[in-house]
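Here is the structure we will look at, set down as structure tokens.
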Amino acid sequence: MFAYQIKQYGKQEQLFLNEIQKPVLSENSIIIKVHSASLNPVDYRIRNGDTKFVLRYSMPLTLGHDFSGVIEAVGSKITQFRVGDSVYGRTPMTGAFQEYVVVGENDIAKAPKNLSLVESASVPLAGLTAYQGLFDWLQLKEKQSILILGGSGGVGHIAIQLALLTDAKVYTTASKEGQAFLQQFGSIEFIDYHKENFYEVLPPVDAVFDMRGGDELTHSFDVVKTGGKIASITSIPTPSYAKSANMNWFYQMILRAFTAKMYHLSKKKNIVFHSFLTQSNRQELEKITELVESEKLTISIQKIYPISEINTAMKEISNGRAKGKIVVDFTNKERNE
Ligand SMILES: NC(=O)c1ccc[n+]([C@@H]2O[C@H](COP(=O)([O-])OP(=O)(O)OC[C@H]3O[C@@H](n4cnc5c(N)ncnc54)[C@H](OP(=O)(O)O)[C@@H]3O)[C@@H](O)[C@H]2O)c1
């Protein structure tokens, strides 16, 4: 089968078309013929080598973390899916930019009926991240106030819509272009990050969802009410994540050491701080499907590229300016090569 892979780490590294072994079915797995995949910042982070000390991958390496497609085979213990189902989901590790993926039952859900498979590919990773950030980690309640740091990207524009569904008062940092893009989703208070610092103008909020990291994350402690919550997807996971992911005490201790500064800050300010990695969760992906099908949630796609133009798509996501999602369509392969 074909796969788009890198040969080594590096910012200039291009994905190349390789021929690799098709995945093997086991009793608990599902093989899917991939129709489309989306691009996420983690793809260029892995390519750049930013994660190589934590994630030990061997080369050549297929990139890609979420996809849509049609089930080709199911293991004998699979009960929720059948051959021929149109599904979408995330790969447990990197590896979605290839002809077939092998996943578990918890990694996928039926694709929304009102989206094409190309459109469906834009949803899983960004959708689950936004959902888990708001509801699992921040436990956002009706009519609370929330600051979403970096609302115009793949995760942010979904988080904004989900927060608005809870009648939250939503603040977000966005450029002028980001604001023009986000206005379609409802009543949002914007802070133009080119003109002002959110921590100098914002009233105290119940929660912050951080997609920016660095100083912006540190300053977010200045705007959360006492007893409020911050969830981040940009920094080293906290021990709370390690526990939820059933990591053993050794990893929990390591993460405690690496996140000590944030721990002390959160204790000092009496704010609950979590930093997490997105997890597969079929039930949550099914809820996202329902929201998409009932048109309460719209995933905005900035551009769809044929898979043969994956390097152009990678360049675009690496710019960090995407408004919504970028997708690669595998069915366009032959036509475009
Ligand atoms: N922990 C996890 O499991 C997990 C999962 C998913 C994503 N992430 C991380 O979460 C972050 C966001 O992901 P994403 O997919 O949403 O990224 P993205 O789509 O690449 O975000 C790009 C958006 O950010 C805006 N932006 C750039 N600089 C900004 C600033 N200083 N303030 C506010 N907005 C700014 C850009 O618009 P303008 O340039 O026009 O402002 C653009 O619209 C990434 O760092 C990603 O790696 C982590």
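Chain labels A, B, ... are given in the sequence in which chains occur in the structure tokens; within each chain residues are numbered consecutively from 1, and ligands are likewise numbered from 1 in the order shown.
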Sel. of strand (DSSP E) residues, stretch 122-311 of chain A, as a VMD selection string
chain A and resid 145 to 149 169 to 173 189 to 191 205 to 210 224 to 232 272 to 275 301 to 306
List the neighbours of stretch 101-113 of chain A out to 6 Å using only C-alpha atoms; skip same-chain residues closer than 6 positions along the sequence, and give me the result as a PyMOL selection string.
chain A and resi 29-32+86-90+280-282+286+289+293
Can you pull out the residues contacting stretch 135-139 of chain A? Cut-off 9 Å, using only C-alpha atoms, and skip same-chain residues under 5 positions away; I want them as a PyMOL selection string.
chain A and resi 130+207-209+228-231+272-276
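Compared by their closest atoms to A:Leu140, and using only C-alpha atoms, the residues A:Lys176, A:Lys169, A:Lys261, A:His157 rank with A:Lys169 nearest.
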Could you go through stretch 72-275 of chain A and tell me which residues DSSP, when run on the backbone, assigns to helix (DSSP H, G or I), listing them as an MDAnalysis selection string?
chainID A and resid 105:107 117:120 124:137 156:165 176:185 198:201 214:220 239:244 249:258 260:269
Would you compute the distance between atom CA of A:Tyr9 and atom CA of A:Arg47? Give it in Å to one decimal.
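Interatomic distance here is 5.2 Å.
Comparing A:Thr278, A:Val42, A:Lys225, A:Ser244 by their smallest distance to A:Thr129, the closest is A:Thr278 (using only C-alpha atoms).
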Contacts of stretch 60-77 of chain A within 7 Å, only C-alpha atoms, excl. fewer than 3 positions in-chain, as a ChimeraX atom specification
/A:3-8,25-39,43,82-91,93-97,117,120-121,124-125
May I ask which of the residues A:Thr172, A:Ser266, A:Ser294, A:Asn248 is the closest one to ligand 1, counting only C-alpha atoms and all ligand atoms?
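Among the listed residues, A:Thr172 lies closest to ligand 1.
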Using Å and a single decimal, report how far atom CA of A:Thr51 sits from atom CA of A:Leu134.
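So the two atoms, atom CA of A:Leu134 and atom CA of A:Thr51, lie 25.2 Å apart.
Distances here use only C-alpha atoms; by that measure, the residue among A:Leu297, A:Thr173, A:Val54, A:Gln279 closest to A:Ile254 is A:Val54.
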Tell me which protein, DNA and RNA residues are within 7 Å of A:Tyr44, counting only C-alpha atoms, leaving out same-chain ones fewer than 4 positions away, and put them as a PyMOL selection string.
chain A and resi 48+314+318
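Atom CA of A:Glu19 sits 11.8 Å away from atom CA of A:Tyr100.
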Among the residues A:Leu149, A:Ala260, A:Ile160, A:Ala242, the one that comes closest to A:Leu277 [using only C-alpha atoms]:
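Result for the nearest residue to A:Leu277: A:Ala242.
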Among listed residues A:Leu15, A:Ile146, A:Leu217, A:Ile20, nearest A:Met1 (using only C-alpha atoms):
A:Ile20
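For A:Ser235, the residues within 9 Å (counting only C-alpha atoms, excluding itself and residues fewer than 2 positions away along the chain) are Gly213, Gly214, Leu217, Ser232, Ile233, Pro237, Thr238, Thr259, Ser275 and Phe276 of chain A.
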